[in-house]
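Visitor: Have a peek at query16.txt (compact mmCIF, C-alpha atoms).
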```
# COMPACT_ATOMS: atom_id res chain seq x y z
CA MET A 280 -33.74 4.59 26.16
CA PRO A 281 -30.58 6.51 27.16
CA GLN A 282 -30.17 6.79 30.94
CA GLU A 283 -29.37 10.39 31.80
CA GLN A 284 -28.05 11.09 35.26
CA THR A 285 -27.59 14.42 36.97
CA ILE A 286 -23.95 15.40 37.44
CA GLY A 287 -24.77 18.80 38.94
CA ARG A 288 -27.39 21.49 38.51
CA GLY A 289 -26.08 22.51 35.13
CA LYS A 290 -25.12 19.18 33.60
CA THR A 291 -26.41 15.70 32.99
CA GLY A 292 -24.56 12.75 31.59
CA ARG A 293 -25.49 9.49 29.98
CA LEU A 294 -24.83 6.28 31.88
CA ALA A 295 -22.53 4.03 29.83
CA TYR A 296 -20.94 0.64 30.40
CA SER A 297 -17.54 -0.87 29.75
CA LEU A 298 -17.06 -4.52 28.79
CA ASP A 299 -16.10 -5.26 32.41
CA ASP A 300 -19.62 -4.21 33.44
CA ILE A 301 -21.26 -6.86 31.24
CA ALA A 302 -21.60 -10.62 31.60
CA ILE A 303 -23.12 -13.39 29.48
CA ILE A 304 -25.60 -15.80 31.06
CA PRO A 305 -26.21 -19.17 29.37
CA THR A 306 -29.96 -19.36 28.78
CA ARG A 307 -30.35 -21.76 25.85
CA ARG A 308 -29.48 -25.34 25.01
CA SER A 309 -25.77 -26.02 24.71
CA ARG A 310 -24.02 -27.34 21.61
CA ASP A 311 -20.88 -29.19 20.67
CA PRO A 312 -18.08 -26.59 20.22
CA ARG A 313 -17.02 -28.43 17.06
CA ASP A 314 -20.33 -27.43 15.46
CA VAL A 315 -19.66 -23.70 15.97
CA SER A 316 -18.52 -21.59 13.01
CA LEU A 317 -16.32 -18.53 13.55
CA SER A 318 -16.02 -17.64 9.86
CA TRP A 319 -16.48 -14.05 8.76
CA GLN A 320 -16.80 -12.32 5.40
CA LEU A 321 -15.40 -8.83 4.82
CA ASP A 322 -16.55 -7.69 1.40
CA ALA A 323 -15.07 -10.29 -1.00
CA TYR A 324 -12.69 -11.74 1.58
CA TYR A 325 -13.58 -14.89 3.54
CA LEU A 326 -11.78 -15.28 6.87
CA ASP A 327 -11.67 -18.26 9.21
CA ILE A 328 -11.78 -16.02 12.28
CA PRO A 329 -13.27 -12.53 12.77
CA CYS A 330 -9.94 -10.98 13.71
CA LEU A 331 -7.94 -8.01 12.43
CA GLY A 332 -4.46 -7.15 13.68
CA ALA A 333 -4.32 -3.53 14.81
CA PRO A 334 -2.05 -1.33 12.66
CA MET A 335 0.59 -0.64 15.30
CA ASP A 336 4.35 -1.06 14.91
CA SER A 337 4.52 -3.11 18.10
CA ILE A 338 2.19 -5.71 16.53
CA MET A 339 2.10 -5.68 12.74
CA SER A 340 5.08 -6.03 10.42
CA PRO A 341 4.92 -7.51 6.91
CA ALA A 342 5.91 -10.84 8.49
CA THR A 343 3.22 -10.80 11.20
CA VAL A 344 0.61 -9.66 8.66
CA VAL A 345 1.42 -12.80 6.66
CA GLU A 346 1.38 -14.96 9.80
CA LEU A 347 -2.03 -13.70 10.91
CA ASP A 348 -3.40 -14.43 7.44
CA ARG A 349 -2.01 -17.96 7.67
CA LEU A 350 -3.92 -18.36 10.91
CA GLY A 351 -7.19 -17.21 9.33
CA GLY A 352 -7.31 -13.52 10.27
CA LEU A 353 -6.38 -10.25 8.58
CA GLY A 354 -3.33 -8.18 9.50
CA VAL A 355 -3.32 -4.42 8.89
CA LEU A 356 -0.01 -2.62 8.27
CA ASP A 357 0.40 1.00 9.37
CA LEU A 358 1.63 2.94 6.34
CA GLU A 359 2.84 5.74 8.60
CA GLY A 360 4.90 3.50 10.84
CA LEU A 361 8.55 2.55 10.96
CA TRP A 362 8.21 0.05 8.10
CA THR A 363 7.61 2.93 5.67
CA ARG A 364 10.16 5.29 7.23
CA TYR A 365 13.27 3.09 7.32
CA ASP A 366 14.74 0.46 5.01
CA ASP A 367 15.49 -1.64 8.09
CA PRO A 368 13.34 -0.65 11.08
CA GLU A 369 14.57 -3.47 13.32
CA PRO A 370 17.29 -1.44 15.10
CA TYR A 371 14.76 1.30 15.88
CA LEU A 372 12.18 -1.19 17.15
CA ARG A 373 14.88 -2.61 19.42
CA GLN A 374 15.80 0.87 20.69
CA ILE A 375 12.19 1.62 21.57
CA ALA A 376 11.75 -1.72 23.30
CA GLU A 377 14.93 -1.37 25.36
CA ALA A 378 14.72 2.32 26.30
CA PRO A 379 14.08 3.28 29.94
CA GLN A 380 10.43 4.16 30.52
CA THR A 381 11.27 7.75 31.38
CA GLU A 382 12.98 8.23 28.00
CA SER A 383 10.68 6.16 25.77
CA THR A 384 8.31 8.92 24.62
CA ARG A 385 11.06 11.38 23.72
CA LEU A 386 12.96 8.63 21.89
CA MET A 387 9.87 7.63 19.88
CA GLN A 388 9.24 11.24 18.92
CA LYS A 389 12.78 11.43 17.59
CA ILE A 390 12.66 8.13 15.70
CA TYR A 391 9.28 8.86 14.12
CA GLN A 392 10.47 12.23 12.77
CA ALA A 393 11.87 10.42 9.74
CA PRO A 394 9.55 11.01 6.75
CA VAL A 395 7.24 8.40 5.29
CA ARG A 396 8.65 7.25 1.95
CA GLU A 397 6.40 6.34 -0.96
CA ASP A 398 8.93 3.83 -2.27
CA LEU A 399 8.75 1.95 1.02
CA ILE A 400 4.95 1.98 0.91
CA GLY A 401 5.21 0.12 -2.39
CA ARG A 402 7.90 -2.22 -1.11
CA ARG A 403 6.03 -3.25 2.05
CA ILE A 404 2.78 -3.85 0.20
CA GLY A 405 4.75 -5.83 -2.36
CA GLN A 406 6.19 -8.05 0.39
CA ILE A 407 2.70 -8.85 1.62
CA LYS A 408 1.32 -9.46 -1.87
CA GLU A 409 4.22 -11.73 -2.78
CA ALA A 410 3.16 -14.01 0.08
CA GLY A 411 -0.29 -14.35 -1.50
CA VAL A 412 -1.94 -12.39 1.31
CA PRO A 413 -4.52 -9.57 1.02
CA ALA A 414 -2.78 -6.26 1.69
CA ALA A 415 -4.80 -4.34 4.26
CA VAL A 416 -3.17 -1.02 5.11
CA SER A 417 -3.93 1.82 7.46
CA LEU A 418 -3.63 5.60 7.16
CA SER A 419 -4.59 8.38 9.54
CA PRO A 420 -7.37 10.75 8.37
CA GLY A 421 -4.92 13.62 7.95
CA ARG A 422 -2.61 11.71 5.61
CA THR A 423 -5.03 9.54 3.67
CA LYS A 424 -5.20 11.87 0.67
CA LYS A 425 -1.41 12.08 0.51
CA TYR A 426 -0.59 8.38 0.55
CA TYR A 427 -3.58 6.39 -0.67
CA LYS A 428 -2.63 6.60 -4.34
CA PRO A 429 0.83 5.01 -3.96
CA ALA A 430 -0.79 2.39 -1.76
CA LEU A 431 -3.38 1.52 -4.40
CA GLU A 432 -0.76 1.55 -7.15
CA ALA A 433 1.24 -0.99 -5.14
CA GLY A 434 -1.81 -3.26 -4.88
CA ALA A 435 -3.45 -2.45 -1.53
CA ASP A 436 -6.65 -4.49 -1.22
CA ILE A 437 -8.26 -2.88 1.84
CA ILE A 438 -7.87 0.67 3.18
CA VAL A 439 -8.33 1.37 6.88
CA ILE A 440 -8.72 5.01 7.92
CA ARG A 441 -8.00 4.91 11.64
CA GLY A 442 -7.61 7.68 14.18
CA THR A 443 -8.47 8.42 17.78
CA THR A 444 -11.74 9.91 16.60
CA VAL A 445 -12.95 10.07 13.00
CA SER A 446 -16.04 11.84 11.72
CA ALA A 447 -17.75 12.11 8.35
CA GLU A 448 -18.03 15.89 8.76
CA HIS A 449 -14.59 17.12 9.80
CA VAL A 450 -14.40 20.93 9.50
CA SER A 451 -11.18 22.89 9.03
CA THR A 452 -10.40 26.49 8.11
CA ASN A 453 -6.73 25.67 7.51
CA GLU A 454 -6.86 22.96 4.87
CA GLU A 455 -9.29 21.06 2.72
CA PRO A 456 -10.52 18.17 4.89
CA LEU A 457 -10.96 14.62 3.73
CA ASN A 458 -14.48 14.18 2.39
CA LEU A 459 -15.17 10.56 3.20
CA ARG A 460 -18.21 10.27 0.96
CA ASN A 461 -16.38 11.48 -2.14
CA PHE A 462 -13.22 9.59 -1.25
CA ILE A 463 -14.91 6.23 -0.74
CA TYR A 464 -17.20 6.65 -3.75
CA HIS A 465 -14.23 6.75 -6.14
CA LEU A 466 -12.43 3.73 -4.69
CA ASP A 467 -12.76 0.13 -5.85
CA VAL A 468 -11.48 -1.36 -2.58
CA PRO A 469 -13.25 -1.79 0.79
CA VAL A 470 -12.71 1.02 3.28
CA LEU A 471 -12.93 0.62 7.06
CA VAL A 472 -13.25 3.80 9.14
CA GLY A 473 -12.86 4.58 12.86
CA GLY A 474 -12.64 5.25 15.75
CA VAL A 475 -16.26 5.98 16.38
CA ALA A 476 -18.00 5.80 19.73
CA ASP A 477 -21.61 6.92 19.24
CA TYR A 478 -24.71 6.14 17.20
CA ALA A 479 -24.94 9.38 15.20
CA SER A 480 -21.28 9.44 14.12
CA ALA A 481 -21.45 5.79 13.09
CA LEU A 482 -24.61 6.34 11.06
CA HIS A 483 -22.98 9.27 9.22
CA ILE A 484 -19.93 7.17 8.37
CA MET A 485 -22.10 4.28 7.17
CA ARG A 486 -23.76 6.72 4.78
CA THR A 487 -20.40 7.52 3.19
CA GLY A 488 -20.20 3.98 1.81
CA ALA A 489 -17.71 2.59 4.33
CA THR A 490 -17.55 -1.20 4.39
CA GLY A 491 -16.95 -1.26 8.14
CA VAL A 492 -16.86 0.97 11.19
CA LEU A 493 -14.21 0.66 13.90
CA VAL A 494 -15.84 1.06 17.31
CA GLY A 495 -13.75 2.66 20.03
CA LEU A 496 -10.82 5.02 20.30
CA GLY A 497 -8.17 2.36 19.67
CA GLY A 498 -4.91 2.27 21.57
CA GLY A 499 -6.13 -0.01 24.34
CA ALA A 500 -3.54 -0.49 27.05
CA ALA A 501 -1.16 1.91 25.30
CA SER A 502 -3.67 4.79 25.14
CA THR A 503 -3.81 7.71 27.55
CA SER A 504 -6.54 9.64 25.73
CA ARG A 505 -8.68 9.79 28.86
CA ARG A 506 -5.85 11.33 30.88
CA THR A 507 -4.63 13.77 28.23
CA LEU A 508 -7.83 14.67 26.35
CA GLY A 509 -10.62 13.54 28.65
CA LEU A 510 -11.89 11.16 25.95
CA ARG A 511 -13.15 7.65 26.67
CA ALA A 512 -15.45 5.21 24.90
CA PRO A 513 -17.02 2.67 27.30
CA MET A 514 -17.02 -0.20 24.83
CA ALA A 515 -20.13 -2.14 25.84
CA THR A 516 -22.37 0.86 25.28
CA ALA A 517 -20.46 1.96 22.17
CA ILE A 518 -20.76 -1.44 20.47
CA ALA A 519 -24.46 -1.76 21.30
CA ASP A 520 -25.16 1.78 20.04
CA ILE A 521 -23.33 1.26 16.77
CA ALA A 522 -24.93 -2.13 16.24
CA ALA A 523 -28.22 -0.25 16.45
CA ALA A 524 -26.94 2.22 13.86
CA ARG A 525 -26.08 -0.73 11.60
CA ARG A 526 -29.62 -2.06 11.94
CA ASP A 527 -31.21 1.33 11.23
CA TYR A 528 -28.90 1.96 8.28
CA MET A 529 -29.89 -1.40 6.80
CA ASP A 530 -33.52 -0.27 6.86
CA GLU A 531 -32.60 3.15 5.46
CA SER A 532 -30.40 1.81 2.65
CA GLY A 533 -32.57 -1.08 1.59
CA GLY A 534 -30.40 -3.82 3.05
CA ARG A 535 -26.77 -2.64 2.88
CA TYR A 536 -24.86 -4.25 5.76
CA VAL A 537 -21.91 -2.42 7.34
CA GLN A 538 -19.47 -4.40 9.47
CA VAL A 539 -19.10 -3.34 13.12
CA ILE A 540 -15.54 -3.96 14.31
CA ALA A 541 -14.70 -3.53 18.00
CA ASP A 542 -11.37 -1.74 18.52
CA GLY A 543 -10.43 -1.22 22.17
CA GLU A 544 -10.75 -2.78 25.66
CA LEU A 545 -10.02 -6.20 24.13
CA GLY A 546 -7.01 -7.41 26.08
CA THR A 547 -8.47 -10.75 27.21
CA SER A 548 -10.67 -13.45 25.73
CA GLY A 549 -13.59 -12.64 28.05
CA SER A 550 -13.77 -9.05 26.79
CA ILE A 551 -13.49 -10.23 23.20
CA VAL A 552 -16.33 -12.72 23.65
CA LYS A 553 -18.57 -10.04 25.17
CA ALA A 554 -17.87 -7.68 22.24
CA PHE A 555 -19.48 -10.21 19.88
CA ALA A 556 -22.44 -10.77 22.20
CA LEU A 557 -23.08 -7.01 22.16
CA GLY A 558 -23.21 -6.88 18.36
CA ALA A 559 -19.68 -6.76 16.92
CA ASP A 560 -19.00 -8.62 13.68
CA ALA A 561 -15.24 -8.74 14.24
CA VAL A 562 -12.52 -7.48 16.57
CA MET A 563 -9.35 -5.50 15.91
CA LEU A 564 -6.80 -6.82 18.38
CA GLY A 565 -3.92 -4.76 19.74
CA THR A 566 -2.72 -5.72 23.21
CA ALA A 567 -3.75 -9.36 22.77
CA LEU A 568 -1.51 -9.80 19.71
CA ALA A 569 1.28 -7.58 21.05
CA ARG A 570 1.93 -10.38 23.56
CA ALA A 571 2.89 -12.78 20.76
CA ASN A 572 6.47 -14.00 20.54
CA GLU A 573 6.59 -12.81 16.92
CA ALA A 574 5.39 -9.26 17.69
CA PRO A 575 7.94 -6.61 16.63
CA GLY A 576 7.56 -4.79 19.96
CA ARG A 577 9.38 -7.53 21.90
CA GLY A 578 6.87 -7.41 24.74
CA MET A 579 6.46 -3.63 24.55
CA HIS A 580 3.34 -2.07 23.07
CA TRP A 581 2.65 1.40 21.66
CA GLY A 582 0.43 3.10 19.10
CA GLN A 583 0.56 6.12 16.81
CA GLU A 584 -0.66 8.44 19.55
CA ALA A 585 2.40 7.65 21.69
CA HIS A 586 4.86 9.46 19.41
CA HIS A 587 2.81 12.52 18.43
CA GLN A 588 5.26 15.39 18.10
CA LEU A 589 3.17 17.94 20.03
CA LEU A 590 0.75 16.05 22.30
CA PRO A 591 1.40 12.35 22.93
CA ARG A 592 -1.86 10.61 23.85
CA GLY A 593 -0.39 7.21 24.51
CA GLN A 594 2.68 5.57 25.91
CA ARG A 595 4.90 2.55 25.56
CA VAL A 596 3.71 -0.14 27.96
CA ASN A 597 5.41 -3.36 29.00
CA ILE A 598 2.89 -6.17 28.50
CA GLY A 599 5.40 -8.99 28.07
CA THR A 600 5.28 -11.95 25.73
CA VAL A 601 3.21 -15.02 26.55
CA ALA A 602 3.15 -17.39 23.56
CA PRO A 603 3.37 -17.69 19.78
CA MET A 604 0.57 -15.97 17.88
CA GLU A 605 -1.02 -19.28 16.99
CA GLN A 606 -1.29 -20.26 20.65
CA ILE A 607 -2.70 -16.86 21.59
CA LEU A 608 -5.45 -17.35 19.01
CA PHE A 609 -6.12 -21.08 19.25
CA GLY A 610 -4.39 -22.47 22.33
CA PRO A 611 -3.71 -24.58 24.12
CA SER A 612 -3.95 -22.34 27.16
CA HIS A 613 -1.98 -23.16 30.31
CA ASN A 614 -3.24 -20.24 32.41
CA ALA A 615 -6.75 -19.04 33.26
CA ASP A 616 -5.96 -15.39 32.49
CA GLY A 617 -7.70 -14.99 29.13
CA LYS A 618 -4.47 -14.25 27.25
CA THR A 619 -4.28 -17.42 25.15
CA ASN A 620 -6.78 -19.50 23.14
CA ILE A 621 -8.91 -16.45 22.46
CA PHE A 622 -11.00 -18.01 19.72
CA GLY A 623 -11.25 -21.29 21.58
CA ALA A 624 -12.90 -19.25 24.35
CA LEU A 625 -15.28 -17.63 21.87
CA ARG A 626 -16.19 -21.00 20.40
CA ARG A 627 -16.76 -22.44 23.91
CA THR A 628 -19.03 -19.58 24.98
CA MET A 629 -21.04 -19.76 21.79
CA ALA A 630 -21.48 -23.50 22.29
CA SER A 631 -22.43 -23.01 25.97
CA THR A 632 -25.16 -20.54 25.01
CA GLY A 633 -26.45 -22.58 22.07
CA TYR A 634 -25.30 -20.48 19.11
CA VAL A 635 -23.57 -21.89 16.04
CA ASP A 636 -22.54 -18.73 14.17
CA LEU A 637 -21.51 -15.18 14.95
CA LYS A 638 -24.63 -13.56 13.55
CA SER A 639 -26.94 -15.46 15.87
CA PHE A 640 -24.55 -14.98 18.83
CA GLN A 641 -25.12 -11.21 18.56
CA LYS A 642 -28.57 -11.90 20.02
CA CYS A 643 -27.12 -13.53 23.11
CA PRO A 644 -28.67 -12.20 26.36
CA VAL A 645 -26.32 -10.22 28.59
CA ILE A 646 -26.60 -8.78 32.08
CA ILE A 647 -25.11 -5.77 33.79
CA SER A 648 -22.78 -7.02 36.49
CA ASN A 649 -21.76 -4.99 39.54
CA SER A 650 -18.45 -6.76 39.97
CA GLU A 651 -15.95 -8.55 37.75
CA GLU A 652 -14.25 -11.78 38.78
CA SER A 653 -10.53 -11.21 39.10
```
How does this structure look as structure tokens?

Guide:
Amino acid sequence: MPQEQTIGRGKTGRLAYSLDDIAIIPTRRSRDPRDVSLSWQLDAYYLDIPCLGAPMDSIMSPATVVELDRLGGLGVLDLEGLWTRYDDPEPYLRQIAEAPQTESTRLMQKIYQAPVREDLIGRRIGQIKEAGVPAAVSLSPGRTKKYYKPALEAGADIIVIRGTTVSAEHVSTNEEPLNLRNFIYHLDVPVLVGGVADYASALHIMRTGATGVLVGLGGGAASTSRRTLGLRAPMATAIADIAAARRDYMDESGGRYVQVIADGELGTSGSIVKAFALGADAVMLGTALARANEAPGRGMHWGQEAHHQLLPRGQRVNIGTVAPMEQILFGPSHNADGKTNIFGALRRTMASTGYVDLKSFQKCPVIISNSEES
């Protein structure tokens, strides 16, 4: 049952937990890590690891989308990013990476004023398809209706509708809002939708026919939504709530399973492991992959919210580079900081707790911890 606590005489609030508040306790027989399977199926696509690359310019380019696919995951390209605004975005990526911190937001606002070009949408999707890789692409809720057709015509295989917060019942008196139910019903490709942070919103989006729900507000280390808007999604509670919505929707729909994809607070392997134990089917990684040597951000990380023309809700952050993408995902790790060998850590924890696949690992017992080891 929700734990309501009194804030003051006129307000109560629900107690919620972040991933740092949770820990996994081994309580079953252990297994050989080599017997553990990390495979994941998203609609008709079979992946070796349950990992999506977050659609941010500092992480995903056509080249890194292809590289992540080679490594067994699924990259998602932002169709409103620099790759669809400029023929050659490399000089602009370099400018953003090298700008002084005090000037970075204003510079990004200027660079991202260039319009999105439909011809570049087709070209970038074509680059990904030519490599024999599924083309997963992302659009914001406000621009989905404008750009999804050229994306589909170019061969997009998966559509991700991603924003700070997304609802199935957006109301506007200024323009016709995106009706997710009607939109998804007429598409022949899987659609992932988020961010969502509560049970009711997730259940509504599941009813639209979405293949997956992104849990969290995205942005991770680059997000300042709490400071600018007062919004925050403590991820442990959010994942557990939306996993419950998935279960209830399965009963309601006669067995239709909607993927729960954690998207936020996932900067280290320990947090990623706990997301699965709380009920996630997959993770969308931002900060963790932005540290890769191949990442276009060159050690800097930013999201769409950071260059909003009127109210930036994120910032460029210096997270540095630590290793090639393959080492970040599979090791070897030479430091005990949770930044490399992410899926080796997941495999090890699953083996230590006696689980051999991700579905069963979702039942792993967890505790609420008062302190986190540094």

Visitor: Write out as a list in words each polymer residue whose atoms come within 9 Å of Val539 (chain A), counting all atoms listed in the file; drop sequence neighbours fewer than 4 positions from it.

Guide: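 Contacts, in chain order: Gly491, Val492, Leu493, Val494, Ile518, Ile521, Ala522, Arg525, Gly558, Ala559, Asp560, Ala561 and Val562 of chain A.
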
Visitor: When you count all atoms listed in the file, which of these residues is closest to Ser297 (chain A): A:Thr516, A:Ser417, A:Thr600, A:Thr285?

Guide: A:Thr516

Visitor: Determine the nearest neighbour of Leu353 (chain A) from the options A:Gly543, A:Pro370, A:Pro334, A:Gly405, counting all atoms listed in the file.

Guide: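 Of A:Gly543, A:Pro370, A:Pro334, A:Gly405, the one nearest Leu353 (chain A) is A:Pro334, counting all atoms listed in the file.
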
Visitor: Looking at A:Ser532, A:Ser337, A:Gln374, A:Ser383, which one is nearest to Trp362 (chain A), with distances taken over all atoms listed in the file?

Guide: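 Smallest distance to Trp362 (chain A) is found for A:Ser337.
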
Visitor: Record the distance separating CA of Gly582 (chain A) and CA of Met335 (chain A), expressed in Å with one decimal.

Guide: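 Atom-to-atom, CA of Gly582 (chain A) to CA of Met335 (chain A), that is 5.3 Å.
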
Visitor: Provide the CA of Asn597 (chain A) to CA of Arg570 (chain A) distance in Å, to one decimal place.

Guide: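 According to the coordinates, CA of Asn597 (chain A) and CA of Arg570 (chain A) are separated by 9.5 Å.
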
Visitor: Within 12 Å of Val472 (chain A), counting all atoms listed in the file, which residues show up once you throw out same-chain ones fewer than 4 positions away? Write them as a ChimeraX atom specification, please.

Guide: /A:416-420,423,437-447,459-460,462-463,476,480-497,537-542

Visitor: Which of these residues is nearest to Asp367 (chain A), using all atoms listed in the file: A:Arg402, A:His586, A:Arg385, A:Arg349?

Guide: A:Arg402

Visitor: Add whatever atoms are absent from region 600-624 of chain A to reach N, CA and C atoms, and provide the output as a CSV table (one decimal), in the frame of the given file.

Guide:
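Heads up, here's the output in out-v6.csv:
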```csv
chain,number,residue,atom,x,y,z
A,600,THR,N,5.7,-11.0,26.7
A,600,THR,CA,5.3,-12.0,25.7
A,600,THR,C,4.8,-13.2,26.5
A,601,VAL,N,3.8,-13.9,25.9
A,601,VAL,CA,3.2,-15.0,26.6
A,601,VAL,C,3.3,-16.3,25.7
A,602,ALA,N,3.2,-16.2,24.4
A,602,ALA,CA,3.2,-17.4,23.6
A,602,ALA,C,3.3,-17.0,22.1
A,603,PRO,N,3.5,-18.0,21.2
A,603,PRO,CA,3.4,-17.7,19.8
A,603,PRO,C,2.0,-17.2,19.4
A,604,MET,N,1.9,-16.5,18.3
A,604,MET,CA,0.6,-16.0,17.9
A,604,MET,C,-0.5,-17.1,17.7
A,605,GLU,N,-0.1,-18.2,17.2
A,605,GLU,CA,-1.0,-19.3,17.0
A,605,GLU,C,-1.6,-19.8,18.3
A,606,GLN,N,-0.8,-19.8,19.3
A,606,GLN,CA,-1.3,-20.3,20.6
A,606,GLN,C,-2.2,-19.2,21.3
A,607,ILE,N,-1.9,-17.9,21.1
A,607,ILE,CA,-2.7,-16.9,21.6
A,607,ILE,C,-4.1,-17.0,21.0
A,608,LEU,N,-4.2,-17.3,19.7
A,608,LEU,CA,-5.4,-17.4,19.0
A,608,LEU,C,-6.2,-18.7,19.3
A,609,PHE,N,-5.5,-19.8,19.3
A,609,PHE,CA,-6.1,-21.1,19.2
A,609,PHE,C,-5.7,-22.0,20.4
A,610,GLY,N,-4.8,-21.6,21.2
A,610,GLY,CA,-4.4,-22.5,22.3
A,610,GLY,C,-3.4,-23.5,21.9
A,611,PRO,N,-3.1,-24.4,22.8
A,611,PRO,CA,-3.7,-24.6,24.1
A,611,PRO,C,-3.3,-23.5,25.1
A,612,SER,N,-4.2,-23.3,26.1
A,612,SER,CA,-4.0,-22.3,27.2
A,612,SER,C,-3.5,-23.1,28.4
A,613,HIS,N,-2.5,-22.5,29.1
A,613,HIS,CA,-2.0,-23.2,30.3
A,613,HIS,C,-2.2,-22.3,31.5
A,614,ASN,N,-2.9,-21.1,31.3
A,614,ASN,CA,-3.2,-20.2,32.4
A,614,ASN,C,-4.7,-19.7,32.2
A,615,ALA,N,-5.4,-19.5,33.3
A,615,ALA,CA,-6.8,-19.0,33.3
A,615,ALA,C,-6.8,-17.5,33.3
A,616,ASP,N,-6.0,-16.9,32.5
A,616,ASP,CA,-6.0,-15.4,32.5
A,616,ASP,C,-6.5,-14.7,31.2
A,617,GLY,N,-7.1,-15.5,30.3
A,617,GLY,CA,-7.7,-15.0,29.1
A,617,GLY,C,-6.7,-14.5,28.1
A,618,LYS,N,-5.4,-14.8,28.2
A,618,LYS,CA,-4.5,-14.2,27.2
A,618,LYS,C,-4.1,-15.2,26.1
A,619,THR,N,-4.5,-16.5,26.2
A,619,THR,CA,-4.3,-17.4,25.2
A,619,THR,C,-5.6,-18.2,24.8
A,620,ASN,N,-5.6,-18.8,23.6
A,620,ASN,CA,-6.8,-19.5,23.1
A,620,ASN,C,-8.0,-18.6,23.1
A,621,ILE,N,-7.8,-17.4,22.5
A,621,ILE,CA,-8.9,-16.4,22.5
A,621,ILE,C,-10.1,-17.0,21.7
A,622,PHE,N,-9.9,-17.6,20.5
A,622,PHE,CA,-11.0,-18.0,19.7
A,622,PHE,C,-11.5,-19.4,20.1
A,623,GLY,N,-10.7,-20.1,20.9
A,623,GLY,CA,-11.2,-21.3,21.6
A,623,GLY,C,-12.3,-20.9,22.6
A,624,ALA,N,-12.0,-19.8,23.3
A,624,ALA,CA,-12.9,-19.2,24.4
A,624,ALA,C,-14.2,-18.8,23.7
```
